[in-house]
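To be precise, the following lines are run-v1.txt, and they hold compact mmCIF, C-alpha atoms and all ligand atoms.
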```txt
# COMPACT_ATOMS: atom_id res chain seq x y z
CA MET I 1 -12.66 -19.09 -35.84
CA ILE I 2 -9.81 -19.53 -33.36
CA GLY I 3 -6.80 -21.07 -35.09
CA SER I 4 -3.17 -20.68 -35.98
CA SER I 5 -3.41 -20.28 -39.76
CA VAL I 6 -1.48 -17.26 -41.01
CA SER I 7 -3.03 -17.60 -44.47
CA GLU I 8 -6.57 -17.61 -43.06
CA ALA I 9 -5.80 -14.55 -40.96
CA ALA I 10 -4.29 -12.79 -43.99
CA ALA I 11 -7.24 -13.67 -46.25
CA ASN I 12 -9.72 -12.27 -43.74
CA LEU I 13 -7.76 -9.04 -43.36
CA LYS I 14 -7.45 -8.61 -47.13
CA ALA I 15 -11.24 -9.15 -47.36
CA GLY I 16 -11.74 -6.23 -44.97
CA LYS I 17 -12.56 -8.29 -41.86
CA LEU I 18 -11.24 -7.81 -38.34
CA VAL I 19 -8.73 -10.37 -37.06
CA ALA I 20 -7.36 -10.68 -33.52
CA ILE I 21 -3.59 -11.10 -33.46
CA PRO I 22 -1.22 -12.27 -30.73
CA THR I 23 1.69 -10.09 -29.67
CA GLU I 24 4.10 -10.20 -26.74
CA THR I 25 2.26 -7.29 -25.05
CA VAL I 26 -1.48 -8.11 -25.36
CA TYR I 27 -3.78 -9.39 -28.15
CA GLY I 28 -4.60 -6.79 -30.81
CA LEU I 29 -7.74 -6.20 -32.88
CA ALA I 30 -6.34 -5.78 -36.38
CA ALA I 31 -7.51 -4.29 -39.68
CA LEU I 32 -5.55 -3.17 -42.75
CA ILE I 33 -4.81 0.56 -42.41
CA ARG I 34 -5.51 0.94 -46.16
CA LEU I 35 -9.20 0.02 -45.73
CA ASP I 36 -11.14 2.86 -44.10
CA GLU I 37 -14.31 0.83 -43.49
CA SER I 38 -12.31 -1.84 -41.70
CA VAL I 39 -10.58 0.73 -39.52
CA VAL I 40 -13.99 2.19 -38.63
CA GLN I 41 -15.08 -1.32 -37.62
CA ILE I 42 -12.26 -1.44 -35.04
CA PHE I 43 -13.65 1.64 -33.31
CA LYS I 44 -17.19 0.25 -33.46
CA ALA I 45 -16.26 -3.21 -32.18
CA LYS I 46 -14.38 -1.77 -29.21
CA ASN I 47 -16.77 1.11 -28.63
CA ARG I 48 -13.62 3.20 -28.77
CA PRO I 49 -13.88 6.97 -29.12
CA ALA I 50 -12.67 8.29 -32.48
CA PHE I 51 -10.18 10.61 -30.77
CA ASP I 52 -8.15 7.61 -29.55
CA PRO I 53 -5.55 6.90 -32.28
CA LEU I 54 -4.45 3.38 -33.24
CA ILE I 55 -1.00 1.80 -33.25
CA VAL I 56 0.24 0.72 -36.69
CA HIS I 57 2.02 -2.65 -36.73
CA VAL I 58 4.78 -3.45 -39.23
CA PRO I 59 7.34 -6.28 -39.49
CA SER I 60 10.41 -3.96 -39.50
CA LEU I 61 11.55 -0.34 -39.41
CA GLU I 62 12.15 -0.62 -43.16
CA ALA I 63 8.51 -1.63 -43.73
CA ALA I 64 7.36 1.46 -41.79
CA LYS I 65 9.16 3.94 -44.04
CA PRO I 66 6.39 4.59 -46.62
CA TYR I 67 4.10 5.58 -43.76
CA ILE I 68 6.35 8.01 -41.89
CA ARG I 69 8.27 11.15 -42.82
CA GLU I 70 11.68 10.63 -41.26
CA VAL I 71 13.54 8.54 -38.72
CA ASN I 72 15.71 10.81 -36.59
CA SER I 73 18.74 9.63 -34.63
CA GLU I 74 17.01 9.00 -31.27
CA ALA I 75 14.15 7.09 -32.93
CA LYS I 76 16.66 5.04 -34.93
CA LYS I 77 18.64 4.25 -31.78
CA LEU I 78 15.51 3.01 -29.96
CA ALA I 79 14.10 1.08 -32.93
CA ASP I 80 17.46 -0.64 -33.46
CA ALA I 81 17.70 -1.56 -29.79
CA PHE I 82 14.13 -2.64 -29.06
CA TRP I 83 12.33 -3.73 -32.25
CA PRO I 84 10.79 -6.24 -32.45
CA GLY I 85 9.58 -5.51 -28.92
CA PRO I 86 7.15 -3.75 -26.57
CA LEU I 87 8.04 -0.22 -27.72
CA THR I 88 5.77 2.07 -29.76
CA LEU I 89 7.39 5.09 -31.44
CA LEU I 90 5.69 8.25 -32.72
CA PHE I 91 6.59 9.64 -36.13
CA GLU I 92 5.25 12.36 -38.39
CA LYS I 93 2.94 10.46 -40.73
CA SER I 94 2.98 10.33 -44.52
CA ASP I 95 -0.16 10.68 -46.64
CA GLN I 96 -0.39 6.85 -46.65
CA VAL I 97 -1.86 7.00 -43.14
CA SER I 98 -5.48 8.09 -42.90
CA ASP I 99 -6.84 10.50 -40.31
CA LEU I 100 -9.02 7.63 -39.07
CA VAL I 101 -5.94 5.74 -37.92
CA SER I 102 -4.22 8.78 -36.37
CA SER I 103 -7.43 10.39 -35.09
CA GLY I 104 -6.60 13.45 -37.12
CA LEU I 105 -3.15 13.90 -35.57
CA PRO I 106 -0.19 14.69 -37.85
CA THR I 107 1.71 11.85 -36.15
CA VAL I 108 1.37 8.08 -36.23
CA ALA I 109 2.29 5.49 -33.60
CA VAL I 110 4.26 2.51 -34.96
CA ARG I 111 5.44 -0.77 -33.51
CA VAL I 112 7.16 -4.00 -34.56
CA PRO I 113 5.65 -6.71 -32.34
CA GLN I 114 7.83 -9.53 -31.08
CA HIS I 115 5.76 -12.55 -31.93
CA GLU I 116 6.81 -15.09 -34.52
CA ILE I 117 3.36 -15.87 -35.93
CA THR I 118 2.32 -12.20 -36.16
CA LEU I 119 5.59 -11.24 -37.83
CA ARG I 120 4.90 -13.97 -40.41
CA LEU I 121 1.40 -12.56 -40.89
CA LEU I 122 2.73 -9.01 -41.39
CA GLN I 123 5.30 -10.28 -43.92
CA ALA I 124 2.60 -12.22 -45.77
CA LEU I 125 0.32 -9.16 -45.90
CA GLY I 126 3.01 -6.86 -47.24
CA GLU I 127 1.15 -3.91 -45.73
CA PRO I 128 0.55 -2.65 -42.17
CA VAL I 129 -2.35 -3.30 -39.82
CA ALA I 130 -3.74 -1.00 -37.16
CA ALA I 131 -4.30 -2.91 -33.95
CA PRO I 132 -5.41 -1.57 -30.58
CA SER I 133 -5.87 -4.01 -27.72
CA ALA I 134 -8.69 -6.49 -28.45
CA ASN I 135 -11.01 -5.56 -25.57
CA PRO I 136 -14.05 -3.34 -25.16
CA PHE I 137 -12.86 0.22 -24.52
CA GLY I 138 -11.96 0.81 -20.88
CA TYR I 139 -11.79 -2.86 -19.86
CA VAL I 140 -8.74 -4.98 -19.03
CA SER I 141 -6.61 -5.92 -22.08
CA PRO I 142 -6.66 -9.56 -23.32
CA THR I 143 -3.57 -11.73 -22.87
CA THR I 144 -5.00 -14.94 -24.35
CA ALA I 145 -7.09 -15.90 -27.39
CA ALA I 146 -9.86 -17.03 -25.00
CA HIS I 147 -10.04 -13.52 -23.48
CA VAL I 148 -10.65 -12.11 -26.96
CA ALA I 149 -13.28 -14.75 -27.77
CA GLN I 150 -15.16 -14.02 -24.53
CA GLN I 151 -15.63 -10.34 -25.23
CA LEU I 152 -15.19 -9.72 -28.95
CA GLY I 153 -15.88 -13.18 -30.37
CA LYS I 154 -18.80 -11.88 -32.43
CA GLU I 155 -16.84 -8.93 -33.83
CA VAL I 156 -13.83 -10.75 -35.22
CA ALA I 157 -13.73 -13.03 -38.25
CA TYR I 158 -10.70 -14.93 -36.97
CA ILE I 159 -8.60 -15.11 -33.80
CA LEU I 160 -5.00 -16.01 -34.52
CA ASP I 161 -3.94 -17.97 -31.45
CA GLY I 162 -0.31 -17.45 -30.47
CA GLY I 163 -0.57 -18.60 -26.86
CA PRO I 164 -0.51 -16.38 -23.77
CA ALA I 165 1.17 -12.97 -24.17
CA LYS I 166 4.70 -13.16 -22.79
CA VAL I 167 5.01 -9.59 -21.50
CA GLY I 168 1.35 -9.05 -20.60
CA LEU I 169 1.32 -5.22 -20.50
CA GLU I 170 0.71 -2.85 -23.41
CA SER I 171 3.69 -1.31 -25.17
CA THR I 172 5.66 1.62 -23.80
CA ILE I 173 4.87 4.65 -26.00
CA VAL I 174 7.73 7.03 -26.73
CA SER I 175 7.81 10.22 -28.78
CA CYS I 176 11.13 11.16 -30.39
CA LEU I 177 9.64 14.05 -32.38
CA ASN I 178 12.24 16.83 -32.85
CA ASN I 179 14.75 14.32 -31.44
CA GLU I 180 13.39 15.01 -27.92
CA VAL I 181 12.57 11.75 -26.17
CA LYS I 182 9.38 11.72 -24.09
CA VAL I 183 7.67 8.71 -22.59
CA LEU I 184 3.90 9.04 -23.16
CA ARG I 185 2.83 5.71 -21.68
CA LEU I 186 4.68 3.29 -19.43
CA GLY I 187 4.41 -0.32 -20.55
CA GLY I 188 6.23 -3.53 -21.33
CA LEU I 189 9.59 -1.85 -21.89
CA SER I 190 10.94 -0.41 -18.62
CA LEU I 191 12.27 3.09 -18.05
CA GLU I 192 15.57 1.52 -16.99
CA GLN I 193 15.91 -0.30 -20.33
CA LEU I 194 15.16 2.91 -22.26
CA SER I 195 17.59 4.96 -20.16
CA GLU I 196 20.38 2.46 -20.63
CA VAL I 197 20.22 2.70 -24.42
CA LEU I 198 19.68 6.49 -24.50
CA GLY I 199 22.41 7.25 -21.96
CA TYR I 200 19.99 9.44 -19.98
CA THR I 201 16.58 9.19 -18.31
CA PRO I 202 13.89 10.41 -20.72
CA GLU I 203 11.20 12.86 -19.66
CA LEU I 204 7.89 11.33 -18.55
CA GLN I 205 4.84 13.01 -20.05
CA LEU I 206 2.04 10.74 -18.91
CA SER I 207 -1.05 12.78 -19.58
CA THR I 208 -4.27 12.01 -17.74
CA HIS I 209 -6.65 14.39 -19.42
CA SER I 210 -9.89 13.50 -21.10
CA ASN I 211 -8.44 14.17 -24.56
CA PRO I 212 -5.00 12.72 -24.02
CA GLN I 213 -2.14 12.38 -26.43
CA ALA I 214 -1.90 8.75 -25.35
CA PRO I 215 -5.46 7.52 -24.76
CA GLY I 216 -4.48 4.44 -22.76
CA GLN I 217 -3.87 7.30 -20.34
CA LEU I 218 -7.52 8.12 -19.76
CA ASP I 219 -8.24 8.40 -16.06
CA LYS I 220 -10.49 5.36 -15.90
CA HIS I 221 -9.08 2.51 -17.96
CA TYR I 222 -8.03 -1.12 -17.69
CA ALA I 223 -10.82 -1.40 -15.12
CA THR I 224 -12.54 -4.44 -13.64
CA HIS I 225 -16.28 -4.30 -12.95
CA THR I 226 -15.59 -5.26 -9.33
CA PRO I 227 -14.42 -2.22 -7.35
CA LEU I 228 -10.64 -2.26 -6.97
CA TYR I 229 -8.66 -0.21 -4.44
CA LEU I 230 -4.95 0.47 -4.70
CA SER I 231 -2.96 0.89 -1.52
CA ASP I 232 0.60 0.98 -0.17
CA ALA I 233 -0.47 -1.27 2.69
CA GLY I 234 -2.85 -3.86 1.24
CA LEU I 235 -3.77 -5.77 4.36
CA GLU I 236 -4.61 -2.64 6.40
CA GLU I 237 -6.65 -1.23 3.49
CA LEU I 238 -8.54 -4.49 3.24
CA LYS I 239 -9.34 -4.58 6.95
CA THR I 240 -10.87 -1.10 6.88
CA ARG I 241 -13.00 -1.85 3.80
CA MET I 242 -14.18 -5.42 4.30
CA LYS I 243 -17.49 -6.01 6.11
CA PRO I 244 -18.41 -9.25 7.93
CA GLY I 245 -19.60 -11.98 5.56
CA GLN I 246 -18.03 -10.38 2.48
CA LYS I 247 -15.60 -11.96 0.04
CA TRP I 248 -12.54 -9.98 -1.05
CA ALA I 249 -9.32 -10.57 -2.96
CA LEU I 250 -5.94 -9.11 -2.10
CA ILE I 251 -3.49 -8.78 -5.02
CA SER I 252 0.14 -8.47 -3.97
CA LEU I 253 3.57 -9.01 -5.49
CA ASN I 254 4.63 -11.72 -3.01
CA PRO I 255 2.48 -14.17 -1.01
CA LEU I 256 1.02 -12.64 2.18
CA ALA I 257 0.09 -14.40 5.44
CA ASP I 258 -2.49 -13.81 8.23
CA LEU I 259 -5.45 -12.81 6.09
CA PRO I 260 -8.87 -12.19 7.60
CA GLU I 261 -11.69 -14.71 7.03
CA GLY I 262 -13.32 -14.23 3.59
CA CYS I 263 -10.20 -12.80 1.99
CA THR I 264 -8.01 -14.69 -0.48
CA ASN I 265 -4.52 -13.55 -1.41
CA TYR I 266 -3.46 -13.68 -5.08
CA PRO I 267 0.28 -13.10 -5.31
CA LEU I 268 1.53 -12.12 -8.78
CA SER I 269 4.81 -13.95 -8.23
CA GLN I 270 6.20 -16.45 -5.72
CA SER I 271 9.59 -14.75 -5.83
CA GLY I 272 8.91 -11.03 -6.23
CA ASN I 273 9.68 -11.15 -9.95
CA LEU I 274 8.20 -8.05 -11.63
CA ASP I 275 8.30 -9.47 -15.17
CA GLU I 276 6.36 -12.53 -14.02
CA ALA I 277 3.92 -10.22 -12.19
CA ALA I 278 3.31 -8.21 -15.38
CA SER I 279 2.58 -11.34 -17.40
CA LYS I 280 -0.02 -12.50 -14.86
CA LEU I 281 -1.75 -9.22 -13.96
CA PHE I 282 -4.49 -8.89 -16.60
CA ALA I 283 -5.52 -12.56 -16.55
CA LEU I 284 -5.79 -12.36 -12.76
CA MET I 285 -7.93 -9.20 -12.93
CA ARG I 286 -10.29 -10.95 -15.37
CA ASN I 287 -10.49 -14.11 -13.27
CA LEU I 288 -11.23 -12.13 -10.11
CA ASP I 289 -13.93 -10.17 -11.93
CA GLU I 290 -15.72 -13.47 -12.66
CA LEU I 291 -15.83 -14.43 -8.97
CA LYS I 292 -18.28 -11.56 -8.29
CA LEU I 293 -16.44 -10.54 -5.15
CA ASP I 294 -17.38 -7.61 -2.95
CA GLY I 295 -14.09 -5.94 -3.69
CA ILE I 296 -10.44 -6.21 -4.63
CA VAL I 297 -7.50 -4.56 -2.93
CA ALA I 298 -4.21 -4.34 -4.82
CA GLU I 299 -1.00 -3.55 -2.98
CA ARG I 300 1.25 -1.14 -4.85
CA LEU I 301 4.37 -2.80 -6.30
CA PRO I 302 7.91 -1.41 -6.09
CA ASP I 303 8.30 1.56 -8.45
CA LYS I 304 11.03 0.02 -10.58
CA GLY I 305 11.25 -2.09 -13.75
CA LEU I 306 7.80 -3.22 -14.90
CA GLY I 307 6.47 -2.43 -11.40
CA ARG I 308 6.04 1.17 -12.55
CA ALA I 309 3.78 0.21 -15.46
CA ILE I 310 1.85 -2.28 -13.30
CA ASN I 311 1.20 0.46 -10.72
CA ASP I 312 0.07 2.77 -13.52
CA ARG I 313 -2.48 0.18 -14.74
CA LEU I 314 -3.69 -0.55 -11.20
CA HIS I 315 -4.02 3.17 -10.53
CA ARG I 316 -6.17 3.63 -13.63
CA ALA I 317 -8.24 0.55 -12.76
CA ALA I 318 -8.79 1.74 -9.18
CA TYR I 319 -11.60 3.57 -7.50
CA ARG I 320 -10.43 7.08 -6.68
CA MET I 321 -10.37 7.81 -2.99
P1 LIG I 401 -3.89 0.51 -27.36
O1 LIG I 401 -5.35 0.69 -27.30
O2 LIG I 401 -3.33 -0.10 -26.10
O3 LIG I 401 -3.37 -0.14 -28.59
O4 LIG I 401 -3.26 1.93 -27.33
C1 LIG I 401 -3.09 2.71 -28.45
C2 LIG I 401 -2.52 3.97 -27.90
O5 LIG I 401 -1.47 4.46 -28.71
C3 LIG I 401 -3.52 5.06 -27.90
O6 LIG I 401 -4.35 4.94 -26.79
C4 LIG I 401 -2.62 6.25 -27.80
O7 LIG I 401 -2.31 6.42 -26.45
C5 LIG I 401 -1.35 5.85 -28.49
N1 LIG I 401 -1.21 6.57 -29.74
C6 LIG I 401 -1.50 6.13 -30.95
N2 LIG I 401 -1.24 7.07 -31.89
C7 LIG I 401 -0.77 8.15 -31.24
C8 LIG I 401 -0.33 9.44 -31.64
N3 LIG I 401 -0.32 9.81 -32.93
N4 LIG I 401 0.07 10.29 -30.68
C9 LIG I 401 0.08 9.90 -29.39
N5 LIG I 401 -0.33 8.70 -28.95
C10 LIG I 401 -0.74 7.82 -29.86
MG MG I 402 -6.17 -0.59 -25.06
```

Translate the structure described by the file into structure tokens.
Amino acid sequence: MIGSSVSEAAANLKAGKLVAIPTETVYGLAALIRLDESVVQIFKAKNRPAFDPLIVHVPSLEAAKPYIREVNSEAKKLADAFWPGPLTLLFEKSDQVSDLVSSGLPTVAVRVPQHEITLRLLQALGEPVAAPSANPFGYVSPTTAAHVAQQLGKEVAYILDGGPAKVGLESTIVSCLNNEVKVLRLGGLSLEQLSEVLGYTPELQLSTHSNPQAPGQLDKHYATHTPLYLSDAGLEELKTRMKPGQKWALISLNPLADLPEGCTNYPLSQSGNLDEAASKLFALMRNLDELKLDGIVAERLPDKGLGRAINDRLHRAAYRM
């Protein structure tokens, strides 16, 4: 049930089953968008609310065209620059996209993932899949096939193993509707990269309401079961929270010294590299959750490059103070 057979993955999808697929961002839980019952199964398997729309995955912009109304100039510019890649674009949908997939919205989110085996799968299918992250709703996204097997092993017919996700954060979601570029979710494509191609810095519209336009934006999301606190000064935060005899973890970008007894430091990079940090974050959060610690403190990363998206995920994972 875990394997690397594109034909087995395709056969299961065509038969209406759920298949986990690797991408450069995180693993997705895929179903054909054409099959309503299969799409419903995605929501059930994840315990995902029906108001949280799914991202449609295609092998190219060309392959997306039957499912969307038009590709305006800003959307074309971004798709040309970043697809395949960790960018999701919103389009007005055609009648080929059900309200189940778009949660009743007139728009649909579309992405071309940058992963060789999944691109081969999408070509072989000849039709799109919907694929949200392959984790129970609200929990940390999976970056390996084993993560998927641990939590959704019973729900999926097949896990297509493509190795660890290279980027490790969900896609950046951008709306170009009416040719106005708005970033709805920060993710694996940085604001700097977007700005460079656009020639200006796009507006950020990161909603945090309970019925958000971009549901990854729900207040409490990407969360560990162990309480996690986000702080500008990790070591000081830890010292005020930790009680004698407790075991805590301190997540930081770079290695830290002089930790109190009972605390272990988990640096995301040895050299302050934000891309490396992004690729390690979710696996680290899962591993720490298994240690049944008393708490986790994460030190905020620099607000640049993928640091911005990492801080966003940590903020949503964190206990509110
Ligand atoms: P994920 O669960 O990480 O695959 O995230 C899928 C996300 O894509 C959803 O949570 C929404 O935030 C976003 N999304 C999908 N479709 C739309 C849409 N039509 N409008 C706005 N956001 C969307
Ligand atoms: Mg998700």

Between atom CA of Ser102 of chain I and atom C7 of ligand LIG 401 (chain I) lies a distance of 6.2 Å

Can you tell me, as a list in words, what residues are no more than 9 Å from Leu13 of chain I when counting all atoms listed in the file, ignoring any on the same chain fewer than 5 positions away?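 Everything that qualifies: Glu8, Leu18, Val19, Ala30, Ala31, Leu32, Ser38, Leu125, Val129 and Ala157 of chain I.
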
Pick the closest to ligand MG 402 (chain I) from I:Arg111, I:Lys65, I:His225, I:Arg48: which is it, counting only C-alpha atoms and all ligand atoms? I:Arg48

Produce as a CSV table (one decimal) with C-alpha atoms, in the coordinates of the input the set of residues near ligand LIG 401 (chain I), where near means within 9 Å with all atoms listed in the file considered.
```csv
chain,number,residue,atom,x,y,z
I,26,VAL,CA,-1.5,-8.1,-25.4
I,28,GLY,CA,-4.6,-6.8,-30.8
I,29,LEU,CA,-7.7,-6.2,-32.9
I,48,ARG,CA,-13.6,3.2,-28.8
I,52,ASP,CA,-8.2,7.6,-29.6
I,53,PRO,CA,-5.6,6.9,-32.3
I,54,LEU,CA,-4.4,3.4,-33.2
I,55,ILE,CA,-1.0,1.8,-33.2
I,56,VAL,CA,0.2,0.7,-36.7
I,88,THR,CA,5.8,2.1,-29.8
I,89,LEU,CA,7.4,5.1,-31.4
I,90,LEU,CA,5.7,8.2,-32.7
I,91,PHE,CA,6.6,9.6,-36.1
I,92,GLU,CA,5.2,12.4,-38.4
I,93,LYS,CA,2.9,10.5,-40.7
I,101,VAL,CA,-5.9,5.7,-37.9
I,102,SER,CA,-4.2,8.8,-36.4
I,103,SER,CA,-7.4,10.4,-35.1
I,104,GLY,CA,-6.6,13.4,-37.1
I,105,LEU,CA,-3.2,13.9,-35.6
I,106,PRO,CA,-0.2,14.7,-37.8
I,107,THR,CA,1.7,11.8,-36.2
I,108,VAL,CA,1.4,8.1,-36.2
I,109,ALA,CA,2.3,5.5,-33.6
I,110,VAL,CA,4.3,2.5,-35.0
I,130,ALA,CA,-3.7,-1.0,-37.2
I,131,ALA,CA,-4.3,-2.9,-34.0
I,132,PRO,CA,-5.4,-1.6,-30.6
I,133,SER,CA,-5.9,-4.0,-27.7
I,134,ALA,CA,-8.7,-6.5,-28.4
I,135,ASN,CA,-11.0,-5.6,-25.6
I,137,PHE,CA,-12.9,0.2,-24.5
I,141,SER,CA,-6.6,-5.9,-22.1
I,169,LEU,CA,1.3,-5.2,-20.5
I,170,GLU,CA,0.7,-2.8,-23.4
I,171,SER,CA,3.7,-1.3,-25.2
I,173,ILE,CA,4.9,4.6,-26.0
I,174,VAL,CA,7.7,7.0,-26.7
I,175,SER,CA,7.8,10.2,-28.8
I,184,LEU,CA,3.9,9.0,-23.2
I,185,ARG,CA,2.8,5.7,-21.7
I,212,PRO,CA,-5.0,12.7,-24.0
I,213,GLN,CA,-2.1,12.4,-26.4
I,214,ALA,CA,-1.9,8.8,-25.4
I,215,PRO,CA,-5.5,7.5,-24.8
I,216,GLY,CA,-4.5,4.4,-22.8
I,217,GLN,CA,-3.9,7.3,-20.3
I,218,LEU,CA,-7.5,8.1,-19.8
```

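Of note, atom CA of Leu186 of chain I and atom CA of Thr172 of chain I are spaced 4.8 Å apart.
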
From the options I:Val148, I:Leu274, I:Leu238, I:Val97, which residue's atoms come nearest to Asp161 of chain I, counting all atoms listed in the file?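 Of I:Val148, I:Leu274, I:Leu238, I:Val97, the one nearest Asp161 of chain I is I:Val148, counting all atoms listed in the file.
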
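Take the candidates I:Pro164, I:Pro202, I:Gly138, I:Pro227 and check each one against ligand MG 402 (chain I) using all atoms listed in the file; the shortest distance goes to I:Gly138.
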
Could you state the separation of atom CA of Leu253 of chain I and atom CA of Leu191 of chain I in Å, given to one decimal place? 19.5 Å

Rank nothing, just name the residue among I:Ser4, I:Ser190, I:Thr143, I:Ser60 nearest to ligand MG 402 (chain I), using all atoms listed in the file.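 Of I:Ser4, I:Ser190, I:Thr143, I:Ser60, the one nearest ligand MG 402 (chain I) is I:Thr143, counting all atoms listed in the file.
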
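Taking only C-alpha atoms, the non-local environment of Thr224 of chain I within 10 Å (same-chain residues fewer than 6 positions away omitted) comprises Gly138, Tyr139, Val140, Phe282, Met285, Arg286, Asn287, Leu288, Asp289, Glu290, Ile296, Leu314, Ala317 and Ala318 of chain I.
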
The residue from I:Gly234, I:Gly153, I:Tyr229, I:Ile159 with the smallest atom-to-atom distance to Leu259 of chain I, counting only C-alpha atoms, is I:Gly234

Padding 4 Å on each side, edges along x, y and z: where is the centre of the box around the listed atoms of segment 24-39 of chain I, and how long are its edges in Å to one decimal? Output it as AutoDock Vina command-line options.
```
--center_x -5.1 --center_y -3.7 --center_z -35.6 --size_x 26.4 --size_y 21.1 --size_z 29.1
```

Residue with smallest distance to ligand MG 402 (chain I) - pool I:Tyr319, I:Tyr158, I:Tyr222, I:Tyr266, counting all atoms listed in the file: I:Tyr222

Write out as a list in words each polymer residue whose atoms come within 10 Å of Asp294 of chain I, counting only C-alpha atoms; drop sequence neighbours fewer than 3 positions from it.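 Near neighbours after the sequence-gap exclusion: Thr226, Pro227, Leu228, Arg241, Met242, Lys243, Gly245, Gln246, Lys247, Trp248, Ala249, Asp289 and Leu291 of chain I.
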
Applying 9 Å and all atoms listed in the file, which residues near Gln96 of chain I remain after dropping the ones on its own chain fewer than 6 positions away? List them as a ChimeraX atom specification. /I:33-34,66-68

What's around Ala75 of chain I at 8 Å? Count all atoms listed in the file, leave out sequence neighbours fewer than 4 positions away in its own chain, and write the answer as number ranges by chain. I: 71, 79, 89, 176, 179

Could you extract segment 90-95 of chain I of the given structure into a file holding all heavy atoms, as a compact mmCIF listing (two decimals), in the first residue's frame?
```
# COMPACT_ATOMS: atom_id res chain seq x y z
N LEU I 90 -5.74 31.34 -7.88
CA LEU I 90 -7.21 31.29 -7.92
C LEU I 90 -7.69 31.74 -9.29
O LEU I 90 -7.17 32.71 -9.84
CB LEU I 90 -7.82 32.24 -6.89
CG LEU I 90 -7.76 31.91 -5.42
CD1 LEU I 90 -8.83 32.72 -4.68
CD2 LEU I 90 -7.96 30.44 -5.16
N PHE I 91 -8.70 31.04 -9.80
CA PHE I 91 -9.33 31.42 -11.06
C PHE I 91 -10.84 31.31 -10.89
O PHE I 91 -11.33 30.57 -10.03
CB PHE I 91 -8.93 30.44 -12.18
CG PHE I 91 -7.46 30.42 -12.48
CD1 PHE I 91 -6.62 29.50 -11.88
CD2 PHE I 91 -6.92 31.32 -13.39
CE1 PHE I 91 -5.27 29.47 -12.16
CE2 PHE I 91 -5.56 31.31 -13.68
CZ PHE I 91 -4.73 30.37 -13.06
N GLU I 92 -11.59 32.02 -11.76
CA GLU I 92 -13.02 31.73 -11.83
C GLU I 92 -13.16 30.34 -12.41
O GLU I 92 -12.48 30.00 -13.39
CB GLU I 92 -13.71 32.76 -12.72
CG GLU I 92 -14.08 34.01 -11.99
CD GLU I 92 -14.79 35.00 -12.90
OE1 GLU I 92 -15.84 34.64 -13.46
OE2 GLU I 92 -14.25 36.10 -13.06
N LYS I 93 -14.04 29.52 -11.81
CA LYS I 93 -14.12 28.12 -12.25
C LYS I 93 -15.11 27.95 -13.41
O LYS I 93 -16.04 28.74 -13.57
CB LYS I 93 -14.49 27.22 -11.08
CG LYS I 93 -15.91 27.38 -10.58
CD LYS I 93 -16.24 26.32 -9.52
CE LYS I 93 -17.72 26.35 -9.19
NZ LYS I 93 -18.16 25.25 -8.34
N SER I 94 -14.89 26.88 -14.19
CA SER I 94 -15.86 26.51 -15.22
C SER I 94 -16.85 25.52 -14.60
O SER I 94 -16.69 25.10 -13.46
CB SER I 94 -15.15 25.85 -16.41
OG SER I 94 -14.86 24.49 -16.09
N ASP I 95 -17.85 25.11 -15.41
CA ASP I 95 -18.84 24.17 -14.84
C ASP I 95 -18.28 22.75 -14.72
O ASP I 95 -18.98 21.83 -14.29
CB ASP I 95 -20.14 24.19 -15.65
CG ASP I 95 -19.90 23.82 -17.10
OD1 ASP I 95 -18.77 23.39 -17.42
OD2 ASP I 95 -20.83 23.97 -17.91
```
